[in-house]
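Below is one structure, written out as structure tokens; the observations come after it.
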Amino acid sequence: MEGLTEMLKGVLEGCVLEIISRGATYGYEITRRLNALGFTDVVDGTTYTILLRLEKNGLVDTCKQPSELGPPRKFFTLNDAGREELCRFWARWEFVASKMNQLREEQPHV
Amino acid sequence: MSEFFDNYLNIRKIRASKREYKQHMARVEALPEDYQYVFKKIQHHMWMFAAGSGYDMMEIHYSLIELFEEGAAEGRPVLQITGEDVAAFCDELLRNAKTYTADWREKLNRDILSHISTEDGRASARKEARND
């Protein structure tokens with residue numbers, strides 16, 4: 001789906017944390033995973049800035065591994081702080097999702 | 001020596017930083033032309049927002065070279081990496097650096113908060129005086 005950029009802004013960080021929690025991965029792979037999920041507007045640059053922030057905030061560990069093509073790849077894994085943040089993210093998401101549903105399903109006041 | 005003086009007056013640090021800058025820019029020169037163009041545009045755009053010594057901004061640009069090298073090695077067009085909204089990409093990168101706009105935002109909130117809280121202080125002091 002297109003035109004999701006604004007809506008996804010606060011959510012993508014959680015998406016990336018969730019993807020990393022499944023096992024060590026790198027930027028390009030995360031982007032492709034998000035694209036396959038249907039977030040087609042997401043480009044490498046988007047993932048890149050999110051990874052930069054996760055690293056700066058100490059939520060991920062990184063290690064470089066050689067790749068067949070080009071420079072070594074940076075692999076990301078979740079650390080304890082990252083796992084805690086992921087739990088908090090899903091709690092926030094549950095709250096937003098339940099409130100959105102509540103709003104939509106509320107009976108109009110007569 | 002405070003970080004401020006270290007950043008501006010330590011000749012050895014400045015020389016090392018210049019050397020490092022040249023090495024990194026040589027890597028940029030090795031990128032395909034489109035990548036070079038976009039890199040320099042991004043660099044120029046982001047510098048307009050820099051605050052402080054700018055060392056953090058330089059670090060962001062250095063690691064950006066890596067992203068571009070990966071993309072170029074895979075033979076992908078540069079806009080597939082940055083997206084067509086390069087300005088939005090820059091905004092996200094800038095969130096990781098010290099910017100003067102962020103400084104102004106902080107100042108706005110700080111000024112208002114300290115004014116309002118002293119006003120509150122005065123108001124509650126007047127109220128207490130009346131109650132006495």
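Here, A, B, ... name the chains of the structure tokens in the order displayed, residue numbers run from 1 inside each chain, and ligands are numbered from 1 in the same displayed order.
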
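Residue-level contacts from chain A to chain B at 6 Å, counting only C-alpha atoms, read Val43, Asp44, Gly45, Thr49 and Gly70 of chain A.
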
Export of prior selection with N, CA and C atoms as an mmCIF file, in the first residue's frame:
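Result saved to part.cif:
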data_model
loop_
_atom_site.group_PDB
_atom_site.id
_atom_site.type_symbol
_atom_site.label_atom_id
_atom_site.label_comp_id
_atom_site.auth_asym_id
_atom_site.auth_seq_id
_atom_site.Cartn_x
_atom_site.Cartn_y
_atom_site.Cartn_z
ATOM 1 N N VAL A 43 12.141 2.581 1.774
ATOM 2 C CA VAL A 43 13.387 2.391 1.028
ATOM 3 C C VAL A 43 14.526 2.126 2.022
ATOM 4 N N ASP A 44 15.685 1.761 1.478
ATOM 5 C CA ASP A 44 16.839 1.471 2.342
ATOM 6 C C ASP A 44 17.179 2.631 3.266
ATOM 7 N N GLY A 45 17.065 3.840 2.709
ATOM 8 C CA GLY A 45 17.379 5.037 3.503
ATOM 9 C C GLY A 45 16.518 5.117 4.751
ATOM 10 N N THR A 49 18.100 5.058 8.577
ATOM 11 C CA THR A 49 18.015 6.068 9.640
ATOM 12 C C THR A 49 17.430 5.475 10.926
ATOM 13 N N GLY A 70 30.571 -5.888 -2.522
ATOM 14 C CA GLY A 70 30.839 -4.625 -1.842
ATOM 15 C C GLY A 70 31.416 -4.742 -0.446
#

**OP:** Output as JSON, numbers by chain all residues of region 10-104 of chain A that backbone DSSP marks as strand (DSSP E or B).
**Re:** {"A": [25, 60, 61, 62, 63, 64, 65, 73, 74, 75, 76, 77, 78]}

Output N, CA, C and O atoms for every residue in that selection, as a PDB file, in the first residue's frame.
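Final output, result-v4.pdb:
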ATOM      1  N   THR A  25      20.207  -9.677  11.420  1.00  0.00           N
ATOM      2  CA  THR A  25      19.882  -9.312  10.045  1.00  0.00           C
ATOM      3  C   THR A  25      20.529  -7.969   9.705  1.00  0.00           C
ATOM      4  O   THR A  25      21.042  -7.290  10.580  1.00  0.00           O
ATOM      5  N   VAL A  60      20.415  -2.046  20.096  1.00  0.00           N
ATOM      6  CA  VAL A  60      20.893  -3.160  19.262  1.00  0.00           C
ATOM      7  C   VAL A  60      22.407  -3.322  19.413  1.00  0.00           C
ATOM      8  O   VAL A  60      23.110  -2.386  19.762  1.00  0.00           O
ATOM      9  N   ASP A  61      22.875  -4.544  19.159  1.00  0.00           N
ATOM     10  CA  ASP A  61      24.310  -4.803  19.053  1.00  0.00           C
ATOM     11  C   ASP A  61      24.614  -5.004  17.573  1.00  0.00           C
ATOM     12  O   ASP A  61      23.775  -5.496  16.824  1.00  0.00           O
ATOM     13  N   THR A  62      25.830  -4.616  17.164  1.00  0.00           N
ATOM     14  CA  THR A  62      26.167  -4.750  15.750  1.00  0.00           C
ATOM     15  C   THR A  62      27.463  -5.535  15.589  1.00  0.00           C
ATOM     16  O   THR A  62      28.305  -5.557  16.480  1.00  0.00           O
ATOM     17  N   CYS A  63      27.574  -6.204  14.449  1.00  0.00           N
ATOM     18  CA  CYS A  63      28.861  -6.798  14.094  1.00  0.00           C
ATOM     19  C   CYS A  63      28.986  -6.835  12.575  1.00  0.00           C
ATOM     20  O   CYS A  63      27.976  -6.948  11.868  1.00  0.00           O
ATOM     21  N   LYS A  64      30.202  -6.651  12.086  1.00  0.00           N
ATOM     22  CA  LYS A  64      30.408  -6.601  10.635  1.00  0.00           C
ATOM     23  C   LYS A  64      30.804  -7.963  10.110  1.00  0.00           C
ATOM     24  O   LYS A  64      31.609  -8.655  10.722  1.00  0.00           O
ATOM     25  N   GLN A  65      30.190  -8.340   8.982  1.00  0.00           N
ATOM     26  CA  GLN A  65      30.550  -9.603   8.346  1.00  0.00           C
ATOM     27  C   GLN A  65      30.776  -9.375   6.866  1.00  0.00           C
ATOM     28  O   GLN A  65      30.055  -8.592   6.251  1.00  0.00           O
ATOM     29  N   ARG A  73      29.063  -6.190   5.571  1.00  0.00           N
ATOM     30  CA  ARG A  73      27.711  -5.828   5.997  1.00  0.00           C
ATOM     31  C   ARG A  73      27.639  -5.710   7.511  1.00  0.00           C
ATOM     32  O   ARG A  73      28.255  -6.475   8.224  1.00  0.00           O
ATOM     33  N   LYS A  74      26.834  -4.769   7.975  1.00  0.00           N
ATOM     34  CA  LYS A  74      26.632  -4.595   9.404  1.00  0.00           C
ATOM     35  C   LYS A  74      25.398  -5.393   9.806  1.00  0.00           C
ATOM     36  O   LYS A  74      24.301  -5.132   9.301  1.00  0.00           O
ATOM     37  N   PHE A  75      25.596  -6.369  10.683  1.00  0.00           N
ATOM     38  CA  PHE A  75      24.473  -7.181  11.170  1.00  0.00           C
ATOM     39  C   PHE A  75      23.997  -6.660  12.516  1.00  0.00           C
ATOM     40  O   PHE A  75      24.798  -6.257  13.359  1.00  0.00           O
ATOM     41  N   PHE A  76      22.689  -6.695  12.720  1.00  0.00           N
ATOM     42  CA  PHE A  76      22.092  -6.168  13.946  1.00  0.00           C
ATOM     43  C   PHE A  76      21.413  -7.274  14.738  1.00  0.00           C
ATOM     44  O   PHE A  76      20.710  -8.105  14.163  1.00  0.00           O
ATOM     45  N   THR A  77      21.638  -7.270  16.055  1.00  0.00           N
ATOM     46  CA  THR A  77      20.888  -8.157  16.940  1.00  0.00           C
ATOM     47  C   THR A  77      20.320  -7.317  18.082  1.00  0.00           C
ATOM     48  O   THR A  77      20.874  -6.279  18.423  1.00  0.00           O
ATOM     49  N   LEU A  78      19.217  -7.802  18.661  1.00  0.00           N
ATOM     50  CA  LEU A  78      18.584  -7.087  19.763  1.00  0.00           C
ATOM     51  C   LEU A  78      19.316  -7.393  21.062  1.00  0.00           C
ATOM     52  O   LEU A  78      19.673  -8.540  21.306  1.00  0.00           O
TER      53      LEU A  78
END

Original post:
Could you work out how far CA of Glu6 (chain A) lies from CA of Gln102 (chain A), giving the answer in Å with one decimal?
Top reply: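 Rounded to one decimal, the two atoms are 22.2 Å apart.
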
Original post:
Using only C-alpha atoms, which residues sit within 12 Å of region 18-22 of chain B once same-chain residues fewer than 3 positions away are excluded, as a PyMOL selection string?
Top reply: chain B and resi 11-15+25-29+55+57-59+61-62+65

Go ahead and dump the residues you just picked, N, CA, C and O atoms, as a PDB file, in the first residue's frame.
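Saved to again17.pdb:
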ATOM      1  N   ILE B  11      45.273  21.701  17.666  1.00  0.00           N
ATOM      2  CA  ILE B  11      45.757  21.611  16.279  1.00  0.00           C
ATOM      3  C   ILE B  11      45.852  20.162  15.825  1.00  0.00           C
ATOM      4  O   ILE B  11      45.485  19.819  14.706  1.00  0.00           O
ATOM      5  N   ARG B  12      46.329  19.295  16.726  1.00  0.00           N
ATOM      6  CA  ARG B  12      46.512  17.896  16.337  1.00  0.00           C
ATOM      7  C   ARG B  12      45.162  17.271  15.984  1.00  0.00           C
ATOM      8  O   ARG B  12      45.032  16.557  15.002  1.00  0.00           O
ATOM      9  N   LYS B  13      44.158  17.579  16.801  1.00  0.00           N
ATOM     10  CA  LYS B  13      42.829  17.025  16.551  1.00  0.00           C
ATOM     11  C   LYS B  13      42.264  17.564  15.227  1.00  0.00           C
ATOM     12  O   LYS B  13      41.694  16.817  14.435  1.00  0.00           O
ATOM     13  N   ILE B  14      42.491  18.845  14.984  1.00  0.00           N
ATOM     14  CA  ILE B  14      41.975  19.456  13.751  1.00  0.00           C
ATOM     15  C   ILE B  14      42.661  18.833  12.530  1.00  0.00           C
ATOM     16  O   ILE B  14      42.013  18.510  11.537  1.00  0.00           O
ATOM     17  N   ARG B  15      44.005  18.644  12.644  1.00  0.00           N
ATOM     18  CA  ARG B  15      44.744  18.037  11.532  1.00  0.00           C
ATOM     19  C   ARG B  15      44.259  16.614  11.271  1.00  0.00           C
ATOM     20  O   ARG B  15      44.028  16.234  10.127  1.00  0.00           O
ATOM     21  N   MET B  25      36.404  11.567   1.705  1.00  0.00           N
ATOM     22  CA  MET B  25      35.962  12.180   0.457  1.00  0.00           C
ATOM     23  C   MET B  25      36.555  11.457  -0.761  1.00  0.00           C
ATOM     24  O   MET B  25      35.946  11.426  -1.829  1.00  0.00           O
ATOM     25  N   ALA B  26      37.712  10.838  -0.580  1.00  0.00           N
ATOM     26  CA  ALA B  26      38.287  10.032  -1.664  1.00  0.00           C
ATOM     27  C   ALA B  26      37.381   8.841  -1.963  1.00  0.00           C
ATOM     28  O   ALA B  26      37.218   8.443  -3.115  1.00  0.00           O
ATOM     29  N   ARG B  27      36.767   8.297  -0.902  1.00  0.00           N
ATOM     30  CA  ARG B  27      35.820   7.190  -1.106  1.00  0.00           C
ATOM     31  C   ARG B  27      34.589   7.687  -1.867  1.00  0.00           C
ATOM     32  O   ARG B  27      34.027   6.963  -2.684  1.00  0.00           O
ATOM     33  N   VAL B  28      34.167   8.912  -1.577  1.00  0.00           N
ATOM     34  CA  VAL B  28      33.020   9.475  -2.297  1.00  0.00           C
ATOM     35  C   VAL B  28      33.348   9.606  -3.779  1.00  0.00           C
ATOM     36  O   VAL B  28      32.535   9.268  -4.637  1.00  0.00           O
ATOM     37  N   GLU B  29      34.576  10.066  -4.076  1.00  0.00           N
ATOM     38  CA  GLU B  29      34.992  10.247  -5.471  1.00  0.00           C
ATOM     39  C   GLU B  29      34.961   8.922  -6.243  1.00  0.00           C
ATOM     40  O   GLU B  29      34.849   8.912  -7.460  1.00  0.00           O
ATOM     41  N   TYR B  55      31.262  17.847  14.489  1.00  0.00           N
ATOM     42  CA  TYR B  55      31.895  16.521  14.395  1.00  0.00           C
ATOM     43  C   TYR B  55      30.847  15.414  14.274  1.00  0.00           C
ATOM     44  O   TYR B  55      31.039  14.433  13.561  1.00  0.00           O
ATOM     45  N   MET B  57      27.961  15.680  12.831  1.00  0.00           N
ATOM     46  CA  MET B  57      27.458  15.739  11.459  1.00  0.00           C
ATOM     47  C   MET B  57      28.398  14.977  10.529  1.00  0.00           C
ATOM     48  O   MET B  57      27.968  14.237   9.652  1.00  0.00           O
ATOM     49  N   MET B  58      29.710  15.187  10.737  1.00  0.00           N
ATOM     50  CA  MET B  58      30.696  14.504   9.897  1.00  0.00           C
ATOM     51  C   MET B  58      30.592  12.993  10.048  1.00  0.00           C
ATOM     52  O   MET B  58      30.639  12.269   9.056  1.00  0.00           O
ATOM     53  N   GLU B  59      30.408  12.524  11.284  1.00  0.00           N
ATOM     54  CA  GLU B  59      30.278  11.080  11.514  1.00  0.00           C
ATOM     55  C   GLU B  59      29.089  10.512  10.732  1.00  0.00           C
ATOM     56  O   GLU B  59      29.176   9.429  10.162  1.00  0.00           O
ATOM     57  N   HIS B  61      27.845  11.703   7.980  1.00  0.00           N
ATOM     58  CA  HIS B  61      28.192  11.665   6.563  1.00  0.00           C
ATOM     59  C   HIS B  61      29.141  10.501   6.248  1.00  0.00           C
ATOM     60  O   HIS B  61      28.999   9.843   5.225  1.00  0.00           O
ATOM     61  N   TYR B  62      30.079  10.246   7.155  1.00  0.00           N
ATOM     62  CA  TYR B  62      31.014   9.138   6.928  1.00  0.00           C
ATOM     63  C   TYR B  62      30.270   7.805   6.862  1.00  0.00           C
ATOM     64  O   TYR B  62      30.553   6.976   5.999  1.00  0.00           O
ATOM     65  N   ILE B  65      28.465   7.205   3.635  1.00  0.00           N
ATOM     66  CA  ILE B  65      29.296   6.719   2.512  1.00  0.00           C
ATOM     67  C   ILE B  65      29.185   5.194   2.430  1.00  0.00           C
ATOM     68  O   ILE B  65      29.055   4.632   1.351  1.00  0.00           O
TER      69      ILE B  65
END

Subject >> Nearest-residue call for Gln43 (chain B), choices B:Arg122, B:Asn7, B:Ser114, B:Ala87, using only C-alpha atoms >> reply: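 Of B:Arg122, B:Asn7, B:Ser114, B:Ala87, the one nearest Gln43 (chain B), counting only C-alpha atoms, is B:Ala87.
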
**OP:** DSSP on the backbone, then: every residue of region 44-128 of chain B marked alpha helix (DSSP H), written as a PyMOL selection string.
**Re:** chain B and resi 44-47+55-73+78-82+86-94+100-128

Tell me which protein, DNA and RNA residues are within 12 Å of Thr5 (chain A), counting only C-alpha atoms, leaving out same-chain ones fewer than 2 positions away, and put them as a compact mmCIF listing (two decimals) with all heavy atoms, in the first residue's frame.
# COMPACT_ATOMS: atom_id res chain seq x y z
N MET A 1 0.84 -1.20 0.00
CA MET A 1 0.00 0.00 0.00
C MET A 1 0.88 1.25 0.00
O MET A 1 1.90 1.29 0.68
CB MET A 1 -0.90 0.00 1.24
CG MET A 1 -2.03 1.01 1.15
SD MET A 1 -3.16 0.80 2.54
CE MET A 1 -4.43 1.94 2.08
N GLU A 2 0.44 2.28 -0.76
CA GLU A 2 1.23 3.51 -0.83
C GLU A 2 0.61 4.60 0.03
O GLU A 2 -0.51 4.46 0.52
CB GLU A 2 1.31 3.99 -2.29
CG GLU A 2 2.29 3.17 -3.10
CD GLU A 2 2.35 3.61 -4.56
OE1 GLU A 2 1.79 4.67 -4.87
OE2 GLU A 2 2.96 2.89 -5.35
N GLY A 3 1.35 5.68 0.21
CA GLY A 3 0.84 6.83 0.96
C GLY A 3 0.76 6.59 2.45
O GLY A 3 -0.01 7.22 3.16
N MET A 7 1.68 7.94 8.34
CA MET A 7 1.08 7.08 9.36
C MET A 7 2.10 6.12 9.97
O MET A 7 2.03 5.77 11.14
CB MET A 7 -0.08 6.29 8.75
CG MET A 7 -0.96 5.66 9.79
SD MET A 7 -2.25 4.68 9.05
CE MET A 7 -3.60 5.84 9.05
N LEU A 8 3.07 5.73 9.16
CA LEU A 8 4.03 4.73 9.62
C LEU A 8 5.14 5.30 10.49
O LEU A 8 5.88 4.55 11.13
CB LEU A 8 4.66 4.03 8.42
CG LEU A 8 3.88 2.89 7.78
CD1 LEU A 8 4.66 2.30 6.64
CD2 LEU A 8 3.56 1.81 8.81
N LYS A 9 5.25 6.64 10.49
CA LYS A 9 6.41 7.27 11.12
C LYS A 9 6.78 6.71 12.50
O LYS A 9 7.91 6.35 12.73
CB LYS A 9 6.26 8.78 11.17
CG LYS A 9 7.10 9.39 10.07
CD LYS A 9 7.16 10.87 10.07
CE LYS A 9 7.96 11.26 8.83
NZ LYS A 9 7.67 12.59 8.37
N GLY A 10 5.82 6.64 13.38
CA GLY A 10 6.15 6.19 14.72
C GLY A 10 6.17 4.68 14.86
O GLY A 10 6.61 4.14 15.87
N VAL A 11 5.69 4.00 13.82
CA VAL A 11 5.46 2.56 13.93
C VAL A 11 6.63 1.75 13.38
O VAL A 11 6.93 0.66 13.86
CB VAL A 11 4.16 2.19 13.18
CG1 VAL A 11 3.90 0.70 13.22
CG2 VAL A 11 2.98 2.95 13.76
N LEU A 12 7.32 2.33 12.39
CA LEU A 12 8.38 1.59 11.71
C LEU A 12 9.49 1.14 12.65
O LEU A 12 10.04 0.05 12.50
CB LEU A 12 8.98 2.43 10.58
CG LEU A 12 8.29 2.30 9.23
CD1 LEU A 12 8.96 3.19 8.22
CD2 LEU A 12 8.29 0.86 8.75
N PHE A 39 4.55 -2.73 2.98
CA PHE A 39 5.01 -1.35 3.16
C PHE A 39 5.95 -1.02 2.01
O PHE A 39 7.17 -0.95 2.17
CB PHE A 39 5.70 -1.18 4.51
CG PHE A 39 4.84 -1.51 5.69
CD1 PHE A 39 5.38 -2.04 6.86
CD2 PHE A 39 3.47 -1.31 5.65
CE1 PHE A 39 4.59 -2.35 7.95
CE2 PHE A 39 2.66 -1.61 6.74
CZ PHE A 39 3.22 -2.13 7.89
N THR A 40 5.33 -0.77 0.84
CA THR A 40 6.13 -0.66 -0.38
C THR A 40 6.89 0.66 -0.48
O THR A 40 7.84 0.76 -1.26
CB THR A 40 5.22 -0.81 -1.62
OG1 THR A 40 4.03 -0.04 -1.40
CG2 THR A 40 4.83 -2.25 -1.84
N ASP A 41 6.47 1.68 0.28
CA ASP A 41 7.15 2.97 0.22
C ASP A 41 8.48 2.99 0.97
O ASP A 41 9.26 3.93 0.85
CB ASP A 41 6.26 4.08 0.82
CG ASP A 41 5.23 4.56 -0.18
OD1 ASP A 41 5.40 4.25 -1.38
OD2 ASP A 41 4.27 5.24 0.22
N VAL A 42 8.72 1.97 1.78
CA VAL A 42 9.93 1.96 2.59
C VAL A 42 11.15 1.68 1.71
O VAL A 42 11.18 0.70 0.97
CB VAL A 42 9.84 0.91 3.72
CG1 VAL A 42 11.15 0.81 4.49
CG2 VAL A 42 8.70 1.24 4.66
N VAL A 43 12.14 2.58 1.77
CA VAL A 43 13.39 2.39 1.03
C VAL A 43 14.53 2.13 2.02
O VAL A 43 14.35 2.26 3.23
CB VAL A 43 13.72 3.63 0.16
CG1 VAL A 43 12.74 3.77 -0.98
CG2 VAL A 43 13.77 4.91 0.99
N THR A 46 15.24 4.76 4.62
CA THR A 46 14.33 4.78 5.77
C THR A 46 14.83 3.82 6.84
O THR A 46 14.96 4.18 8.01
CB THR A 46 12.91 4.33 5.34
OG1 THR A 46 12.61 4.88 4.07
CG2 THR A 46 11.89 4.74 6.35
N GLY B 83 15.24 7.10 -1.55
CA GLY B 83 13.87 7.46 -1.84
C GLY B 83 13.89 8.77 -2.61
O GLY B 83 14.89 9.48 -2.58
N ASP B 85 12.14 11.39 -2.01
CA ASP B 85 12.07 12.52 -1.08
C ASP B 85 13.37 12.56 -0.28
O ASP B 85 13.44 12.15 0.88
CB ASP B 85 10.86 12.35 -0.15
CG ASP B 85 10.52 13.63 0.59
OD1 ASP B 85 11.36 14.56 0.58
OD2 ASP B 85 9.42 13.70 1.17
N ALA B 88 13.33 14.46 3.04
CA ALA B 88 12.78 13.72 4.18
C ALA B 88 13.85 12.79 4.76
O ALA B 88 13.96 12.63 5.98
CB ALA B 88 11.56 12.92 3.76
N PHE B 89 14.63 12.20 3.87
CA PHE B 89 15.75 11.35 4.31
C PHE B 89 16.73 12.17 5.15
O PHE B 89 17.17 11.74 6.22
CB PHE B 89 16.43 10.74 3.07
CG PHE B 89 17.63 9.89 3.37
CD1 PHE B 89 17.53 8.79 4.20
CD2 PHE B 89 18.86 10.19 2.81
CE1 PHE B 89 18.64 7.99 4.46
CE2 PHE B 89 19.98 9.40 3.07
CZ PHE B 89 19.86 8.30 3.90

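CA of Leu59 (chain A) is found 21.5 Å from CA of Pro72 (chain A).
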
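All residues of protein, DNA or RNA that reach within 9 Å of Ile19 (chain A), judged by only C-alpha atoms and not counting those fewer than 6 positions away in the chain, are Thr25, Ile30, Arg33 and Leu34 of chain A.
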
**OP:** Grab the CA of Phe89 (chain A) to CA of Arg32 (chain A) distance for me, in Å with one decimal place.
**Re:** 21.8 Å
